[in-house]
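For reference, the structure is listed below as structure tokens.
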Amino acid sequence: MKIKSVKLREAHEGSSYASFCSILWDLQAHHLVTASSSQPTIAIHDPLLPSHPPRVLRHHRDGVTALAISPNSTCLASGSIDHSVKLYKFPGGEFETNITRFTLPIRVLAFNKSGSMLAAAGDDEGIKLINTIDGSIARVLKGHRGPVTGLAFDPNGEYLASIGSVGTVIYWELQSGRTLYTLKGVAPDTGLDTSVLNVLTWSPDGETLAVPGLKNDIVMYDRDTAEKLFTLRGDHAQPICFMSWSPNGRYMATSSLDKQILIWDVKRKQDIDRQKFDDRICCMAWKPIGNALAVIDVMGKYGVWELVVPSSMKSPTEDIPNPQSRNSNGLLFFDEEEDQELGMSGSLSDTGEESHGESEPPSRKRLRRQSVIDNDQHEVVYDELSLLPKGEPQRKVHRVNREKMDKEKDALKTMMAFRPKMQEAFQPGSTPLEPGKRHFLCYNMLGSITTIKHDEYSHIEIDFHDTSTGPRVPPMTDHYGFTMASLNENGSVFANPCKSEKNMSTLMYRPFHSWDNNSEWYMRFEGEEVRAVALGSKWVAAITSLNFLRIFSNGGLQKHILSLNGPVVTAAGFSDELAIVTHVSDCLPSNEQMLEFTLFNISKGTQVFKGRLPLTPGSYLTWFGFSEEGQISSYDSKGVLRVFTRQYGGNWLPLFSASKERKSGENYWVVGLNASKLFCVVCKNPDTFPQVLPKPVLTLINLSFPLASSDLGEEALENEFMLNNLHLSQIQKQIEVTAGEGLDTTSLDDDAFDIEAAQDRCILRLIASCCNSDKLVRAIELVKLLSVEKSVRGAIQLATALKLPILAERINEILEERLRNKTKLSNAGLPSSKHDLGVSNPCIATERSQILEPMVPSSSAKVSAPLFTRKVKALDRVKSGKQKTDLDQTANLEDSKGVKDAEKNGGSSHVNCVKEVNNPDPSNPFLKLPNIREGRKDAELSRSKSQGPSNQVSKSSNEETKVVGERASNPFLKSTVK
């Protein structure tokens, strides 16, 4: 026999010792994927250009021990010594998620036929079945004693086969998760050498399971009965360490510790070719669309063996079987009735560890399968049995019947397989449990609650960001295993899921300030599990698995029990308000969660608002809470922050999009927000949440609407304009509520005035931009939105300076209309609007002129904890009914001199605009505007050259400037236009 030579090249440099390496083809054989347990990297190679450097994925912290690629080659999974299983997009290699973690290294991964399930196992002994659609753990299979080294899904979708390092093989039934057969000691014991792993594999038609034997051979077992069918025994001098079926199942490649590969004709049970290597081959993969075999050795060298099967024989890709899936959904469909019938049939009572390599009799297998058949199907099955020839093998008869029975259920089960799963309940500001590490039970703008699990208890610590004001809370020993918590300035609440034989869930409240030494209290719920908790000023809330909302006082009095419309997702509290998010229905086929929020006022016992919670399509909720001002806010997995407003009958405004702010490789973990900033922790990929240590650093990011690209090119100003409108509407709503309760609204009035002044500054800048872009209609629209009368006069001066007489005339008409309306109100004995009060009061006019100075926006900054400073008012209040004065504001000598000069020259109403034009600032949008005096000279020159409407407007503007002093003392004086 002619010996061929396969050239190997380095796949992972630096491997100085023998380690287990993996190699895979994708579906179309366009890429080869390799990994080594001695390197934390994954390499994606182009087999057509082997000299080109591969694409390298660097997301694990330790060696990569397992690879698996989904059947459609769109998803790549990797397991590592660092205990994590990660998912990537393929072939791009973009990191998707950490889908699960173990407490010990991973050894093997496997996808089912549909790609909806991923099986993962390793040194932990348990096998995790993971739903790849939502990342949930569908089931954990426990039966091995020792590391699990091999996994294989049955191509027909009914079974999972596993093998351990001690040589035990287990058949698992996917629908019930039960052990069908346990074959002890049928494979070699690999000991502690992790570079050699016991593996097993199903034939492409799903009828035969190949397992390495004890005599340096391959043993074939029957699919349904686990009976030993035949063996492949040849010239291997040492135990088999890997094997791989050809795409059509006619051939098999086996590698051994004797450093050679044999190619077998399975039907003839003899080897047809072989290859000797310098090191043992630990992994192989048949090319899916060609006569080739990819191999990799324990030193990380890989290569492709071309023309594995002689050309005189049938091609390995000819007549590839297409097994009909009995349960194409993998593990997403579990039939509880079938589980009960299985238990009643008694077919599994004698399986398990007593088998000692002996398989269950075929008759028992048939009885077990018949026990799950619906009653109305029995007659059909028996009729079919009677029509089959008597000479037909019983196993074949059974398979025909099984296909007939499952055919009618395939469509329903397939639909159930891909139905998106509803989001599980979570606590805002919490992070997932990581064994051996401290994690957050709660993290908000006030402080954090962290816990770490020890042998039989947990250690809880409560820390406040501002240690000077927050109480010092001693650490707590947790014997209940609390998994959720909430924190405010009054105290903290904790809860755990159902535990112990009594199936009880515990709720505990711990106040920070109390005159009673025994102020902690506990509540226990039998057969009812707490899913979310929240705190308010004088209440504690818990939402349970029975969809009950339970309200307690801070002292532990049970006050209310309400029924919710659906399962809870999360909850948050603020002062007297409690917001709860629940599921409305199952997810849509487009993987959209159907959520609803409800806002309660606990002190009044009322429901304030109820409606749908919007999410970005295909996303799920990751954070929910209140802003510093008490606005309900949400953040989804696509990075969109929304804030609830009562405008338009109650709606959600998108105030932040991570896709526009996010830099490459960054994720935002939201902590809270205020009126203008988002507080978050920036996490580097692949992390989506921070670690407790080192202490997370909060980043402040400006809120901004996802605006379209404007033809003005002033998205920042337009965003500021919309934000000011939002803040003003919120304050006006607060003023209405406060006034309705008979409380003082002075501070809120001042806040509203400050926002109106800032809005006028923003609008004036937008008007300037519209004038420069010849968008005069838009400029008029903006003028009508100005709040202060003096700002309208400033807009007239701006239009005059820019030599836009028609615009100036129209603005002047708007001003005159305002003056007329105000005169009518005054004559009728009604108070004029507060926007124009400052015109009749010189002191207030001076105050507003100073407030309207351009503001330089502050850039975002990073702080280690939230810092909050109260805005210092520009004016001190004078008691006993006296009006405000501008004494404090005139402390600025330059501003005071400007005010006085302006009053001498005809009034203070033009101080702001003249100052902005003549003394430009780098942040002032009026930098490009000509001097007002030069504008006036140009206007006079144009008036002397030609007569027309523009001359009258210019003259009117000049005359209007002259009488400003009179208007300052008399706001009802009308402008005269000649």
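All residue names refer to the structure tokens as shown: chains lettered A, B, ... in order, residues numbered from 1 in each chain, ligands numbered from 1 in order.
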
Skipping near chain neighbours, those fewer than 3 positions away, what residues fall within 12 Å of Glu781 in chain A using only C-alpha atoms, listed as a PyMOL selection string? chain A and resi 763-764+766-767+770+775-778+784-786+807+810-811+814

Residues within 9 Å of range 144-161 of chain A, please, as an NGL selection string. Count only C-alpha atoms; anything in the same chain fewer than 2 positions from it doesn't count. :A and (106-114 or 119-127 or 141-142 or 163-166 or 168-175 or 197-207 or 209 or 223 or 322-331)

I'd like the interatomic distance between CA of Asn517 in chain A and CA of Leu557 in chain A, to a tenth of an Å. 17.4 Å

If you count only C-alpha atoms, which residues fall within 9 Å of Ile218 in chain A, apart from same-chain ones fewer than 2 positions away, as a PyMOL selection string? chain A and resi 210-216+220+230-233+240+243+254

What does the file look like for those residues with all heavy atoms, as a JSON list (two decimals), in the first residue's frame?
```
[["chain", "number", "residue", "atom", "x", "y", "z"],
["A", 210, "ALA", "N", -20.74, 5.26, 17.02],
["A", 210, "ALA", "CA", -19.37, 4.74, 17.04],
["A", 210, "ALA", "C", -18.68, 5.18, 18.32],
["A", 210, "ALA", "O", -18.69, 6.37, 18.67],
["A", 210, "ALA", "CB", -18.61, 5.23, 15.82],
["A", 211, "VAL", "N", -18.06, 4.22, 19.02],
["A", 211, "VAL", "CA", -17.38, 4.48, 20.30],
["A", 211, "VAL", "C", -16.02, 3.79, 20.26],
["A", 211, "VAL", "O", -15.91, 2.66, 19.77],
["A", 211, "VAL", "CB", -18.23, 3.93, 21.48],
["A", 211, "VAL", "CG1", -17.52, 4.16, 22.81],
["A", 211, "VAL", "CG2", -19.61, 4.56, 21.49],
["A", 212, "PRO", "N", -14.95, 4.43, 20.75],
["A", 212, "PRO", "CA", -13.65, 3.75, 20.80],
["A", 212, "PRO", "C", -13.70, 2.56, 21.75],
["A", 212, "PRO", "O", -14.25, 2.65, 22.86],
["A", 212, "PRO", "CB", -12.69, 4.83, 21.32],
["A", 212, "PRO", "CG", -13.56, 5.85, 21.97],
["A", 212, "PRO", "CD", -14.86, 5.82, 21.24],
["A", 213, "GLY", "N", -13.18, 1.42, 21.32],
["A", 213, "GLY", "CA", -13.24, 0.20, 22.12],
["A", 213, "GLY", "C", -12.02, 0.01, 23.00],
["A", 213, "GLY", "O", -11.07, 0.80, 22.98],
["A", 214, "LEU", "N", -12.06, -1.09, 23.78],
["A", 214, "LEU", "CA", -10.98, -1.39, 24.72],
["A", 214, "LEU", "C", -9.83, -2.14, 24.07],
["A", 214, "LEU", "O", -8.79, -2.34, 24.70],
["A", 214, "LEU", "CB", -11.55, -2.22, 25.89],
["A", 214, "LEU", "CG", -12.64, -1.52, 26.72],
["A", 214, "LEU", "CD1", -13.19, -2.50, 27.76],
["A", 214, "LEU", "CD2", -12.08, -0.27, 27.39],
["A", 215, "LYS", "N", -10.01, -2.56, 22.79],
["A", 215, "LYS", "CA", -8.98, -3.37, 22.13],
["A", 215, "LYS", "C", -8.40, -2.64, 20.93],
["A", 215, "LYS", "O", -8.15, -3.25, 19.89],
["A", 215, "LYS", "CB", -9.58, -4.71, 21.70],
["A", 215, "LYS", "CG", -10.12, -5.53, 22.86],
["A", 215, "LYS", "CD", -10.72, -6.84, 22.39],
["A", 215, "LYS", "CE", -11.26, -7.67, 23.55],
["A", 215, "LYS", "NZ", -11.87, -8.97, 23.10],
["A", 216, "ASN", "N", -8.22, -1.32, 21.07],
["A", 216, "ASN", "CA", -7.68, -0.49, 19.99],
["A", 216, "ASN", "C", -8.56, -0.54, 18.75],
["A", 216, "ASN", "O", -8.07, -0.49, 17.62],
["A", 216, "ASN", "CB", -6.24, -0.91, 19.63],
["A", 216, "ASN", "CG", -5.33, -0.96, 20.84],
["A", 216, "ASN", "OD1", -5.56, -0.26, 21.81],
["A", 216, "ASN", "ND2", -4.30, -1.80, 20.77],
["A", 220, "MET", "N", -19.40, -0.36, 17.17],
["A", 220, "MET", "CA", -20.62, 0.24, 16.65],
["A", 220, "MET", "C", -21.82, -0.27, 17.45],
["A", 220, "MET", "O", -21.99, -1.49, 17.60],
["A", 220, "MET", "CB", -20.81, -0.10, 15.17],
["A", 220, "MET", "CG", -19.65, 0.34, 14.27],
["A", 220, "MET", "SD", -19.49, 2.13, 14.22],
["A", 220, "MET", "CE", -18.08, 2.31, 13.11],
["A", 230, "PHE", "N", -21.10, -4.33, 15.51],
["A", 230, "PHE", "CA", -19.85, -4.88, 14.97],
["A", 230, "PHE", "C", -18.71, -3.98, 15.39],
["A", 230, "PHE", "O", -18.91, -2.92, 16.01],
["A", 230, "PHE", "CB", -19.93, -5.02, 13.44],
["A", 230, "PHE", "CG", -20.15, -3.71, 12.73],
["A", 230, "PHE", "CD1", -19.08, -2.92, 12.30],
["A", 230, "PHE", "CD2", -21.44, -3.27, 12.46],
["A", 230, "PHE", "CE1", -19.28, -1.74, 11.65],
["A", 230, "PHE", "CE2", -21.66, -2.07, 11.80],
["A", 230, "PHE", "CZ", -20.59, -1.30, 11.39],
["A", 231, "THR", "N", -17.49, -4.39, 15.06],
["A", 231, "THR", "CA", -16.31, -3.60, 15.41],
["A", 231, "THR", "C", -15.45, -3.40, 14.17],
["A", 231, "THR", "O", -15.53, -4.18, 13.20],
["A", 231, "THR", "CB", -15.46, -4.29, 16.49],
["A", 231, "THR", "OG1", -15.02, -5.56, 15.99],
["A", 231, "THR", "CG2", -16.26, -4.49, 17.77],
["A", 232, "LEU", "N", -14.65, -2.33, 14.20],
["A", 232, "LEU", "CA", -13.61, -2.09, 13.19],
["A", 232, "LEU", "C", -12.27, -2.28, 13.88],
["A", 232, "LEU", "O", -11.87, -1.47, 14.72],
["A", 232, "LEU", "CB", -13.73, -0.66, 12.63],
["A", 232, "LEU", "CG", -15.04, -0.31, 11.91],
["A", 232, "LEU", "CD1", -15.01, 1.13, 11.45],
["A", 232, "LEU", "CD2", -15.28, -1.24, 10.74],
["A", 233, "ARG", "N", -11.61, -3.35, 13.52],
["A", 233, "ARG", "CA", -10.33, -3.67, 14.16],
["A", 233, "ARG", "C", -9.29, -3.87, 13.07],
["A", 233, "ARG", "O", -9.49, -4.63, 12.12],
["A", 233, "ARG", "CB", -10.45, -4.92, 15.01],
["A", 233, "ARG", "CG", -9.22, -5.26, 15.82],
["A", 233, "ARG", "CD", -9.47, -6.46, 16.71],
["A", 233, "ARG", "NE", -10.61, -6.22, 17.61],
["A", 233, "ARG", "CZ", -11.20, -7.17, 18.31],
["A", 233, "ARG", "NH1", -10.80, -8.43, 18.20],
["A", 233, "ARG", "NH2", -12.21, -6.89, 19.09],
["A", 240, "ILE", "N", -7.72, 4.20, 20.32],
["A", 240, "ILE", "CA", -8.22, 5.24, 19.41],
["A", 240, "ILE", "C", -8.42, 6.55, 20.20],
["A", 240, "ILE", "O", -8.97, 6.54, 21.31],
["A", 240, "ILE", "CB", -9.56, 4.81, 18.78],
["A", 240, "ILE", "CG1", -9.42, 3.44, 18.09],
["A", 240, "ILE", "CG2", -10.09, 5.87, 17.83],
["A", 240, "ILE", "CD1", -8.48, 3.45, 16.92],
["A", 243, "MET", "N", -12.16, 9.97, 15.94],
["A", 243, "MET", "CA", -12.74, 9.33, 14.76],
["A", 243, "MET", "C", -13.72, 10.28, 14.11],
["A", 243, "MET", "O", -14.29, 11.16, 14.77],
["A", 243, "MET", "CB", -13.43, 8.02, 15.13],
["A", 243, "MET", "CG", -14.41, 8.17, 16.25],
["A", 243, "MET", "SD", -14.86, 6.58, 16.95],
["A", 243, "MET", "CE", -15.70, 7.09, 18.42],
["A", 254, "THR", "N", -9.97, 7.15, 11.56],
["A", 254, "THR", "CA", -9.65, 6.97, 12.98],
["A", 254, "THR", "C", -8.19, 7.32, 13.21],
["A", 254, "THR", "O", -7.32, 6.97, 12.41],
["A", 254, "THR", "CB", -9.91, 5.53, 13.43],
["A", 254, "THR", "OG1", -9.10, 4.63, 12.65],
["A", 254, "THR", "CG2", -11.38, 5.16, 13.27]]
```

Could you please determine the separation between CA of Tyr620 in chain A and CA of Asp636 in chain A in Å, to one decimal place?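 Spanning CA of Tyr620 in chain A to CA of Asp636 in chain A is a straight-line distance of 5.5 Å.
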